[in-house]
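Participant: Next up, work33.csv (CSV, C-alpha atoms).
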```csv
chain,number,residue,atom,x,y,z
A,74,MET,CA,16.2,22.6,10.9
A,75,SER,CA,15.1,19.6,12.8
A,76,ARG,CA,16.9,16.2,12.6
A,77,ARG,CA,13.8,14.7,11.1
A,78,LEU,CA,13.6,17.2,8.3
A,79,ILE,CA,17.3,16.7,7.5
A,80,ILE,CA,16.7,12.9,7.2
A,81,THR,CA,13.6,13.6,5.1
A,82,ALA,CA,15.6,15.9,2.8
A,83,ALA,CA,18.4,13.3,2.6
A,84,LEU,CA,15.9,10.5,1.7
A,85,LEU,CA,14.4,12.6,-1.0
A,86,ALA,CA,17.8,13.4,-2.5
A,87,VAL,CA,18.8,9.7,-2.3
A,88,SER,CA,15.6,8.6,-4.0
A,89,ALA,CA,16.1,11.0,-6.9
A,90,VAL,CA,19.7,9.7,-7.3
A,91,PHE,CA,18.5,6.1,-7.1
A,92,ILE,CA,15.9,6.6,-9.8
A,93,ALA,CA,18.5,8.3,-12.1
A,94,VAL,CA,21.1,5.5,-11.5
A,95,GLY,CA,18.5,2.8,-12.0
A,96,ALA,CA,17.3,4.3,-15.2
A,97,ALA,CA,21.0,4.6,-16.4
A,98,LEU,CA,21.5,0.9,-15.6
A,99,GLY,CA,18.6,-0.1,-17.8
A,100,GLU,CA,16.2,-1.1,-15.0
A,101,ALA,CA,13.5,1.2,-16.3
A,102,ASP,CA,13.4,-0.8,-19.6
A,103,VAL,CA,13.0,-4.0,-17.6
A,104,VAL,CA,10.0,-2.4,-15.8
A,105,LEU,CA,8.5,-1.2,-19.0
A,106,MET,CA,8.9,-4.5,-20.8
A,107,LYS,CA,7.2,-6.3,-17.9
A,108,ALA,CA,4.4,-3.7,-17.6
A,109,VAL,CA,3.4,-3.5,-21.3
A,110,ASN,CA,2.9,-7.2,-21.7
A,111,ILE,CA,0.3,-9.2,-19.8
A,112,CYS,CA,2.0,-10.6,-16.7
A,113,LEU,CA,0.7,-14.1,-16.6
A,114,GLU,CA,2.0,-14.8,-13.1
A,115,CYS,CA,0.2,-11.6,-11.9
A,116,ILE,CA,-3.2,-12.7,-13.2
A,117,GLY,CA,-2.8,-16.2,-12.1
A,118,ILE,CA,-2.0,-18.1,-15.3
A,119,GLY,CA,1.7,-18.3,-15.6
B,212,MET,CA,-16.6,19.9,19.9
B,213,ARG,CA,-15.3,19.7,16.3
B,214,LYS,CA,-17.9,18.5,13.9
B,215,ASP,CA,-17.4,15.3,12.1
B,216,LYS,CA,-17.7,16.6,8.6
B,217,THR,CA,-17.3,13.2,7.0
B,218,LYS,CA,-20.6,11.9,8.3
B,219,LYS,CA,-22.6,14.9,7.2
B,220,ALA,CA,-21.7,14.9,3.5
B,221,GLY,CA,-22.8,12.2,1.1
B,222,ILE,CA,-19.3,11.4,0.2
B,223,SER,CA,-16.3,12.3,2.3
B,224,PRO,CA,-13.3,14.2,0.9
B,225,ARG,CA,-11.2,11.1,1.7
B,226,ARG,CA,-13.5,8.8,-0.2
B,227,PHE,CA,-13.6,11.2,-3.2
B,228,VAL,CA,-9.8,11.2,-3.3
B,229,GLN,CA,-9.7,7.4,-3.1
B,230,LEU,CA,-12.1,7.1,-6.0
B,231,ALA,CA,-10.2,9.7,-8.0
B,232,CYS,CA,-6.9,7.9,-7.5
B,233,ALA,CA,-8.5,4.6,-8.5
B,234,ALA,CA,-9.8,6.2,-11.7
B,235,LEU,CA,-6.5,8.1,-12.3
B,236,PHE,CA,-4.3,5.0,-12.0
B,237,ASN,CA,-6.7,2.9,-14.1
B,238,GLY,CA,-7.7,5.5,-16.7
B,239,TYR,CA,-7.3,3.3,-19.8
B,240,THR,CA,-11.0,2.4,-19.9
B,241,ALA,CA,-10.8,1.0,-23.5
B,242,GLY,CA,-8.6,-1.8,-22.0
B,243,PHE,CA,-11.6,-3.2,-20.0
B,244,VAL,CA,-13.7,-3.4,-23.1
B,245,ARG,CA,-11.0,-4.9,-25.4
B,246,GLY,CA,-9.5,-7.3,-22.8
B,247,ARG,CA,-6.1,-5.8,-23.4
B,248,ILE,CA,-3.6,-3.8,-21.3
B,249,PHE,CA,-2.2,-0.4,-21.9
B,250,GLY,CA,1.1,-0.4,-23.7
B,251,GLY,CA,2.2,3.3,-23.4
B,252,LYS,CA,5.4,4.8,-22.1
B,253,SER,CA,3.8,6.0,-18.9
B,254,LYS,CA,4.4,2.5,-17.6
B,255,LEU,CA,8.0,3.4,-17.3
B,256,LEU,CA,6.9,5.1,-14.1
B,257,CYS,CA,5.8,3.4,-10.9
B,258,VAL,CA,2.5,4.4,-9.3
B,259,PRO,CA,2.6,4.8,-5.5
B,260,VAL,CA,0.0,2.1,-4.8
B,261,LEU,CA,-0.5,-1.7,-5.2
B,262,ASN,CA,-2.1,-1.5,-8.6
B,263,CYS,CA,-1.4,-4.4,-11.0
B,264,TYR,CA,0.2,-3.3,-14.3
B,265,SER,CA,-1.8,-6.1,-15.9
B,266,CYS,CA,-5.0,-4.4,-14.9
B,267,PRO,CA,-6.6,-3.4,-18.3
B,268,GLY,CA,-6.9,0.2,-17.2
B,269,ALA,CA,-3.5,0.6,-15.5
B,270,LEU,CA,-1.5,3.6,-16.8
B,271,GLY,CA,1.6,3.0,-14.6
B,272,SER,CA,3.6,0.2,-13.1
B,273,CYS,CA,3.0,-1.5,-9.7
B,274,PRO,CA,6.1,-0.9,-7.6
B,275,ILE,CA,5.9,-4.3,-6.0
B,276,GLY,CA,5.6,-6.0,-9.4
B,277,SER,CA,8.3,-3.8,-10.8
B,278,LEU,CA,10.7,-4.6,-7.9
B,279,GLN,CA,10.2,-8.3,-8.5
B,280,ALA,CA,10.6,-7.9,-12.3
B,281,VAL,CA,14.0,-6.2,-11.9
B,282,LEU,CA,15.2,-8.6,-9.1
B,283,SER,CA,14.2,-11.7,-11.1
B,284,ASP,CA,16.0,-10.4,-14.2
B,285,ARG,CA,19.3,-12.2,-14.6
B,286,ASN,CA,21.1,-9.0,-15.4
B,287,HIS,CA,20.2,-7.2,-12.1
B,288,SER,CA,20.6,-8.1,-8.5
B,289,PHE,CA,19.4,-4.8,-7.0
B,290,SER,CA,16.9,-2.3,-8.2
B,291,PHE,CA,17.9,1.3,-7.7
B,292,TYR,CA,15.1,2.5,-9.9
B,293,VAL,CA,12.2,0.9,-8.0
B,294,LEU,CA,13.7,1.5,-4.6
B,295,GLY,CA,14.1,5.1,-5.6
B,296,PHE,CA,10.4,5.4,-6.4
B,297,LEU,CA,9.5,3.6,-3.1
B,298,MET,CA,11.7,6.0,-1.1
B,299,LEU,CA,10.3,9.0,-2.9
B,300,PHE,CA,6.7,8.1,-2.3
B,301,GLY,CA,7.4,6.9,1.2
B,302,THR,CA,9.3,10.0,2.1
B,303,LEU,CA,6.6,12.3,0.7
B,304,PHE,CA,3.5,10.6,2.1
B,305,GLY,CA,4.3,7.6,4.3
B,306,ARG,CA,1.2,5.4,4.7
B,307,LEU,CA,-1.1,8.2,3.7
B,308,ILE,CA,-0.8,6.4,0.3
B,309,CYS,CA,-2.5,3.3,1.9
B,310,GLY,CA,-5.2,5.4,3.5
B,311,LEU,CA,-5.9,7.8,0.7
B,312,MET,CA,-4.7,6.5,-2.7
B,313,CYS,CA,-4.7,2.7,-2.8
B,314,PRO,CA,-7.6,1.2,-4.9
B,315,PHE,CA,-7.3,-2.1,-3.1
B,316,GLY,CA,-7.5,-0.3,0.3
B,317,LEU,CA,-10.6,1.5,-1.0
B,318,ILE,CA,-12.3,-1.8,-1.8
B,319,GLN,CA,-11.5,-3.1,1.6
B,320,ASP,CA,-12.9,0.1,3.2
B,321,LEU,CA,-16.2,-0.4,1.3
B,322,LEU,CA,-16.4,-4.1,2.2
B,323,TYR,CA,-16.0,-3.2,5.9
B,324,LYS,CA,-19.1,-0.9,5.6
B,325,ILE,CA,-21.3,-4.0,5.2
B,326,PRO,CA,-23.3,-4.1,8.4
B,327,LEU,CA,-22.2,-7.4,9.9
B,328,PRO,CA,-20.5,-8.2,13.2
B,329,LYS,CA,-16.9,-6.9,13.5
B,330,PRO,CA,-15.1,-9.3,15.9
B,331,GLU,CA,-12.0,-8.0,17.7
B,332,ILE,CA,-8.7,-9.7,17.0
B,333,PRO,CA,-6.9,-10.4,20.3
B,334,LYS,CA,-4.2,-7.7,20.7
B,335,ARG,CA,-1.3,-10.1,21.0
B,336,LEU,CA,-2.3,-12.1,17.9
B,337,ASP,CA,-2.9,-8.9,16.0
B,338,ARG,CA,0.6,-7.6,17.0
B,339,VAL,CA,2.3,-10.8,15.9
B,340,MET,CA,0.4,-11.0,12.6
B,341,ARG,CA,1.3,-7.5,11.6
B,342,TYR,CA,4.9,-8.7,11.2
B,343,LEU,CA,3.7,-11.1,8.5
B,344,LYS,CA,3.8,-8.3,5.9
B,345,TYR,CA,7.6,-7.8,6.5
B,346,LEU,CA,8.1,-11.5,6.1
B,347,VAL,CA,6.2,-11.4,2.8
B,348,LEU,CA,8.3,-8.5,1.6
B,349,ILE,CA,11.6,-10.0,2.4
B,350,SER,CA,10.8,-13.6,1.3
B,351,LEU,CA,8.4,-13.4,-1.7
B,352,VAL,CA,9.3,-10.0,-3.0
B,353,ILE,CA,13.1,-9.7,-2.4
B,354,ILE,CA,14.7,-13.1,-1.9
B,355,LEU,CA,12.8,-15.7,-3.9
B,356,PRO,CA,12.7,-13.8,-7.2
B,357,GLN,CA,16.5,-13.8,-7.1
B,358,VAL,CA,17.1,-17.3,-5.7
B,359,LEU,CA,14.3,-19.5,-7.2
B,360,THR,CA,15.4,-19.2,-10.8
B,361,ASN,CA,15.1,-21.3,-14.0
B,362,ASP,CA,17.9,-22.7,-16.1
B,363,TYR,CA,18.4,-19.3,-17.7
B,364,GLY,CA,18.9,-17.6,-14.4
B,365,THR,CA,15.5,-15.8,-14.5
B,366,GLY,CA,13.2,-15.8,-11.5
B,367,ALA,CA,9.5,-15.0,-11.2
B,368,PRO,CA,7.4,-12.5,-9.3
B,369,TYR,CA,6.4,-14.9,-6.5
B,370,PHE,CA,4.3,-12.5,-4.5
B,371,CYS,CA,2.3,-11.7,-7.7
B,372,LYS,CA,2.2,-15.3,-8.7
B,373,TRP,CA,1.2,-16.9,-5.4
B,374,ILE,CA,-0.5,-14.3,-3.3
B,375,CYS,CA,-1.4,-10.9,-4.8
B,376,PRO,CA,-5.3,-10.6,-4.6
B,377,ALA,CA,-5.1,-7.1,-6.2
B,378,GLY,CA,-3.6,-8.7,-9.3
B,379,THR,CA,-6.4,-11.3,-9.4
B,380,LEU,CA,-9.1,-8.7,-8.9
B,381,GLU,CA,-7.7,-5.8,-11.1
B,382,GLY,CA,-5.9,-7.9,-13.7
B,383,GLY,CA,-7.0,-11.5,-13.7
B,384,LEU,CA,-10.8,-11.3,-13.6
B,385,PRO,CA,-11.3,-8.4,-16.0
B,386,LEU,CA,-8.8,-9.8,-18.5
B,387,LEU,CA,-10.3,-13.3,-18.4
B,388,ALA,CA,-13.8,-11.9,-18.7
B,389,ALA,CA,-13.0,-10.2,-21.9
B,390,ASN,CA,-10.3,-12.4,-23.4
B,391,GLN,CA,-11.3,-15.9,-24.5
B,392,PRO,CA,-7.7,-17.3,-25.0
B,393,LEU,CA,-6.7,-16.3,-21.5
B,394,ARG,CA,-9.8,-17.9,-20.2
B,395,GLN,CA,-8.8,-21.2,-21.8
B,396,ALA,CA,-5.3,-20.9,-20.3
B,397,ALA,CA,-6.5,-20.5,-16.7
B,398,GLY,CA,-5.9,-23.5,-14.5
B,399,GLN,CA,-5.1,-24.6,-11.0
B,400,LEU,CA,-3.0,-21.5,-10.2
B,401,PHE,CA,-5.9,-19.2,-11.1
B,402,VAL,CA,-8.3,-21.1,-8.9
B,403,GLN,CA,-5.8,-20.8,-6.1
B,404,LYS,CA,-5.5,-17.1,-6.6
B,405,VAL,CA,-9.3,-16.6,-6.8
B,406,LEU,CA,-9.6,-18.5,-3.5
B,407,ILE,CA,-7.0,-16.1,-1.9
B,408,LEU,CA,-8.9,-13.1,-3.2
B,409,ALA,CA,-12.2,-14.6,-1.9
B,410,ALA,CA,-10.6,-15.0,1.5
B,411,CYS,CA,-9.4,-11.4,1.5
B,412,VAL,CA,-12.9,-10.2,0.4
B,413,VAL,CA,-14.7,-12.2,3.0
B,414,SER,CA,-12.3,-11.3,5.9
B,415,ALA,CA,-12.5,-7.6,4.9
B,416,VAL,CA,-16.2,-7.6,5.7
B,417,PHE,CA,-15.4,-8.5,9.3
B,418,ILE,CA,-11.9,-7.2,9.9
B,419,TYR,CA,-10.8,-3.7,8.8
B,420,ARG,CA,-8.3,-3.9,6.0
B,421,PRO,CA,-6.9,-7.4,6.8
B,422,PHE,CA,-4.7,-7.4,3.7
B,423,CYS,CA,-3.1,-4.0,4.5
B,424,ARG,CA,-2.6,-4.9,8.1
B,425,TYR,CA,-1.1,-8.4,7.7
B,426,ILE,CA,0.0,-9.1,4.1
B,427,CYS,CA,0.7,-6.1,2.0
B,428,PRO,CA,4.5,-5.8,1.2
B,429,LEU,CA,4.0,-2.2,0.0
B,430,GLY,CA,2.4,-1.2,3.3
B,431,ALA,CA,5.4,-2.8,5.0
B,432,VAL,CA,7.8,-0.6,2.9
B,433,TYR,CA,5.8,2.6,3.6
B,434,SER,CA,5.5,1.9,7.3
B,435,LEU,CA,9.3,2.3,7.5
B,436,PHE,CA,8.9,5.8,6.2
B,437,ASN,CA,6.0,7.0,8.4
B,438,ARG,CA,8.4,8.6,10.9
B,439,PHE,CA,10.3,10.6,8.3
B,440,SER,CA,7.6,11.4,5.8
B,441,LEU,CA,6.8,15.0,4.9
B,442,TYR,CA,3.1,14.3,5.6
B,443,GLN,CA,2.7,13.8,9.4
B,444,MET,CA,0.2,13.4,12.1
B,445,SER,CA,0.8,15.6,15.1
B,446,LEU,CA,-0.7,15.6,18.7
B,447,ASP,CA,-0.7,18.7,20.8
B,448,GLY,CA,0.0,17.4,24.3
B,449,SER,CA,-1.3,20.6,25.9
B,450,LYS,CA,-4.7,20.2,24.3
B,451,CYS,CA,-5.2,16.5,24.8
B,452,ILE,CA,-7.6,15.7,27.6
B,453,GLY,CA,-7.0,11.9,27.4
B,454,CYS,CA,-10.6,11.0,26.5
B,455,GLY,CA,-9.4,8.1,24.4
B,456,ARG,CA,-11.8,8.8,21.5
B,457,CYS,CA,-8.9,8.7,19.0
B,458,GLU,CA,-8.0,5.2,20.1
B,459,LYS,CA,-11.5,3.9,20.0
B,460,VAL,CA,-12.3,5.2,16.6
B,461,CYS,CA,-9.1,3.9,15.0
B,462,LYS,CA,-10.0,0.9,12.8
B,463,MET,CA,-6.3,0.1,12.4
B,464,LYS,CA,-6.0,-0.2,16.2
B,465,VAL,CA,-3.4,2.4,16.6
B,466,ASP,CA,-3.2,4.6,19.7
B,467,ILE,CA,-1.8,7.9,18.3
B,468,ARG,CA,-1.1,9.0,21.9
B,469,GLU,CA,1.5,6.3,22.3
B,470,ASN,CA,3.2,6.8,18.9
B,471,VAL,CA,2.2,9.6,16.6
B,472,SER,CA,4.3,8.2,13.8
B,473,SER,CA,3.2,4.6,14.2
B,474,GLY,CA,4.1,2.5,11.1
B,475,GLU,CA,0.6,1.0,11.3
B,476,CYS,CA,-1.2,4.4,11.0
B,477,ILE,CA,-2.6,4.8,7.4
B,478,ARG,CA,-3.4,8.5,8.1
B,479,CYS,CA,-7.1,8.1,7.4
B,480,GLY,CA,-7.7,11.1,9.8
B,481,GLU,CA,-10.6,9.6,11.7
B,482,CYS,CA,-8.9,10.3,15.0
B,483,ARG,CA,-8.4,13.9,14.0
B,484,ASN,CA,-12.1,14.2,13.1
B,485,VAL,CA,-13.3,12.9,16.5
B,486,CYS,CA,-10.9,14.7,18.7
B,487,PRO,CA,-13.0,17.1,20.8
B,488,THR,CA,-10.3,19.6,21.4
B,489,GLY,CA,-8.5,19.7,18.0
B,490,ALA,CA,-5.4,18.3,19.6
B,491,ILE,CA,-4.7,16.1,16.6
B,492,LYS,CA,-3.6,17.6,13.3
B,493,SER,CA,-2.2,16.3,10.1
B,494,GLY,CA,-0.6,17.7,7.0
B,495,PHE,CA,2.7,18.5,5.3
B,496,VAL,CA,4.1,20.0,8.5
B,497,VAL,CA,7.6,21.3,8.6
B,498,SER,CA,8.0,20.8,12.3
B,499,ARG,CA,6.3,18.9,15.1
B,500,PRO,CA,6.6,20.9,18.3
B,501,ASP,CA,3.6,19.4,19.9
B,502,ILE,CA,4.8,16.1,21.4
B,503,SER,CA,8.1,15.0,22.6
B,504,LYS,CA,9.3,12.0,24.6
B,505,ASP,CA,8.9,13.8,27.9
B,506,LYS,CA,5.4,15.1,27.0
B,507,ARG,CA,3.7,11.9,25.9
B,508,ILE,CA,0.1,11.5,26.8
B,509,THR,CA,-0.8,8.9,29.3
B,510,LYS,CA,-4.1,7.1,29.1
```
Write out the structure in this file as structure tokens.

Facilitator:
Amino acid sequence: MSRRLIITAALLAVSAVFIAVGAALGEADVVLMKAVNICLECIGIG
Amino acid sequence: MRKDKTKKAGISPRRFVQLACAALFNGYTAGFVRGRIFGGKSKLLCVPVLNCYSCPGALGSCPIGSLQAVLSDRNHSFSFYVLGFLMLFGTLFGRLICGLMCPFGLIQDLLYKIPLPKPEIPKRLDRVMRYLKYLVLISLVIILPQVLTNDYGTGAPYFCKWICPAGTLEGGLPLLAANQPLRQAAGQLFVQKVLILAACVVSAVFIYRPFCRYICPLGAVYSLFNRFSLYQMSLDGSKCIGCGRCEKVCKMKVDIRENVSSGECIRCGECRNVCPTGAIKSGFVVSRPDISKDKRITK
């Protein structure tokens, strides 16, 4: 297995862990709350 | 010589995928009519592209907006969740996302087709300006939302607020067109953002993807993964005849012979299409035996 593929596999594993940890820390709820309400800053009003 | 299939068909496979992705990420068509945004649980998930979650059609969350949302929240100083998505998408695709999936990239691609003069940016200036997107990422997306806070310790998504033309185009304009109260609330900031959007649109007619090349913080993130992504470009040194067609055709001004994993390559595949010997390949390759440091192609 090449060094590049090992790094790629490690990055994929770390990303899965990060998503799980982030969700457990409540970050997903912050994202959802922001995304389901109109972001006034994003559209140039806030 | 390999045939350039993209020129013979009415719509190229790449363009078809770009259009399909734009439709997929913005599939809530009722939102455009009602002047409202989608409020479903699918917005828990980040999409791989710069697609404003305040676009009336958006079904998922913009990763750059989400990253700022978490970092500006007083209860979080780091975002494992969004970083995880960015790493996942970057590791799978690299900047193929820019070249194949991004709706704002598609719009710039179409604008560049307008037959007007296409001036060359001096190489040195171009090289320096490409670092701007990393500066935007670090300052407006990562640092300022955590540092520039109100009395309650809450920051703001400063990239979205001050710069993002995708948000103005995909979110601001459709929402204001269909929503009277929002129209009344628009002020100086909206005018400023429309001017930035106008500058992006006009410059995209003359320069290929100026926003992607110089400003986009998401492109900056994915450029870091181009070397390690599963999707790769490859160059067979034994087949390359050094004709330079790949370099000439590249609108992103990347010479694949110098660096097959360049962070600036959006994997549009145009170099592969014009290569007369089929030396350039792309795909989810498991190995890249074709080019090594001692076998680099010289011009």

Participant: Please determine, counting only C-alpha atoms, which residue among B:Met298, B:Val228, B:Leu446, B:Cys263 has the shortest atom-to-atom distance to A:Leu84.

Facilitator: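 Closest candidate: B:Met298.
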
Participant: May I ask for the distance between atom CA of B:Glu331 and atom CA of B:Phe370, given in Å to one decimal place?

Facilitator: 27.9 Å

Participant: Residues of chain A were defined as contacting chain B if any atom lay at most 7 Å from it, counting only C-alpha atoms; please report them as a list in words.

Facilitator: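 Filtering chain A at 7 Å from chain B with only C-alpha atoms gives Arg77, Ile80, Thr81, Leu84, Leu85, Ser88, Ala89, Phe91, Ile92, Val94, Gly95, Ala96, Glu100, Ala101, Val103, Val104, Leu105, Lys107, Ala108, Val109, Ile111, Cys112, Glu114, Cys115, Ile116, Gly117 and Ile118 of chain A.
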
Participant: Generate the output file for the selected residues, C-alpha atoms, as a PDB file, in the coordinates of the input.

Facilitator:
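To be explicit, this is the file written out as again32.pdb:
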```pdb
ATOM      1  CA  ARG A  77      13.800  14.700  11.100  1.00  0.00           C
ATOM      2  CA  ILE A  80      16.700  12.900   7.200  1.00  0.00           C
ATOM      3  CA  THR A  81      13.600  13.600   5.100  1.00  0.00           C
ATOM      4  CA  LEU A  84      15.900  10.500   1.700  1.00  0.00           C
ATOM      5  CA  LEU A  85      14.400  12.600  -1.000  1.00  0.00           C
ATOM      6  CA  SER A  88      15.600   8.600  -4.000  1.00  0.00           C
ATOM      7  CA  ALA A  89      16.100  11.000  -6.900  1.00  0.00           C
ATOM      8  CA  PHE A  91      18.500   6.100  -7.100  1.00  0.00           C
ATOM      9  CA  ILE A  92      15.900   6.600  -9.800  1.00  0.00           C
ATOM     10  CA  VAL A  94      21.100   5.500 -11.500  1.00  0.00           C
ATOM     11  CA  GLY A  95      18.500   2.800 -12.000  1.00  0.00           C
ATOM     12  CA  ALA A  96      17.300   4.300 -15.200  1.00  0.00           C
ATOM     13  CA  GLU A 100      16.200  -1.100 -15.000  1.00  0.00           C
ATOM     14  CA  ALA A 101      13.500   1.200 -16.300  1.00  0.00           C
ATOM     15  CA  VAL A 103      13.000  -4.000 -17.600  1.00  0.00           C
ATOM     16  CA  VAL A 104      10.000  -2.400 -15.800  1.00  0.00           C
ATOM     17  CA  LEU A 105       8.500  -1.200 -19.000  1.00  0.00           C
ATOM     18  CA  LYS A 107       7.200  -6.300 -17.900  1.00  0.00           C
ATOM     19  CA  ALA A 108       4.400  -3.700 -17.600  1.00  0.00           C
ATOM     20  CA  VAL A 109       3.400  -3.500 -21.300  1.00  0.00           C
ATOM     21  CA  ILE A 111       0.300  -9.200 -19.800  1.00  0.00           C
ATOM     22  CA  CYS A 112       2.000 -10.600 -16.700  1.00  0.00           C
ATOM     23  CA  GLU A 114       2.000 -14.800 -13.100  1.00  0.00           C
ATOM     24  CA  CYS A 115       0.200 -11.600 -11.900  1.00  0.00           C
ATOM     25  CA  ILE A 116      -3.200 -12.700 -13.200  1.00  0.00           C
ATOM     26  CA  GLY A 117      -2.800 -16.200 -12.100  1.00  0.00           C
ATOM     27  CA  ILE A 118      -2.000 -18.100 -15.300  1.00  0.00           C
TER      28      ILE A 118
END
```

Participant: Just how far from atom CA of B:Ile318 is atom CA of B:Arg225, in Å to one decimal?

Facilitator: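 Atom-to-atom, atom CA of B:Arg225 to atom CA of B:Ile318, that is 13.4 Å.
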
Participant: For atom CA of B:Val485 and atom CA of B:Pro333, quote the distance in Å rounded to one decimal.

Facilitator: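 It comes out at 24.5 Å.
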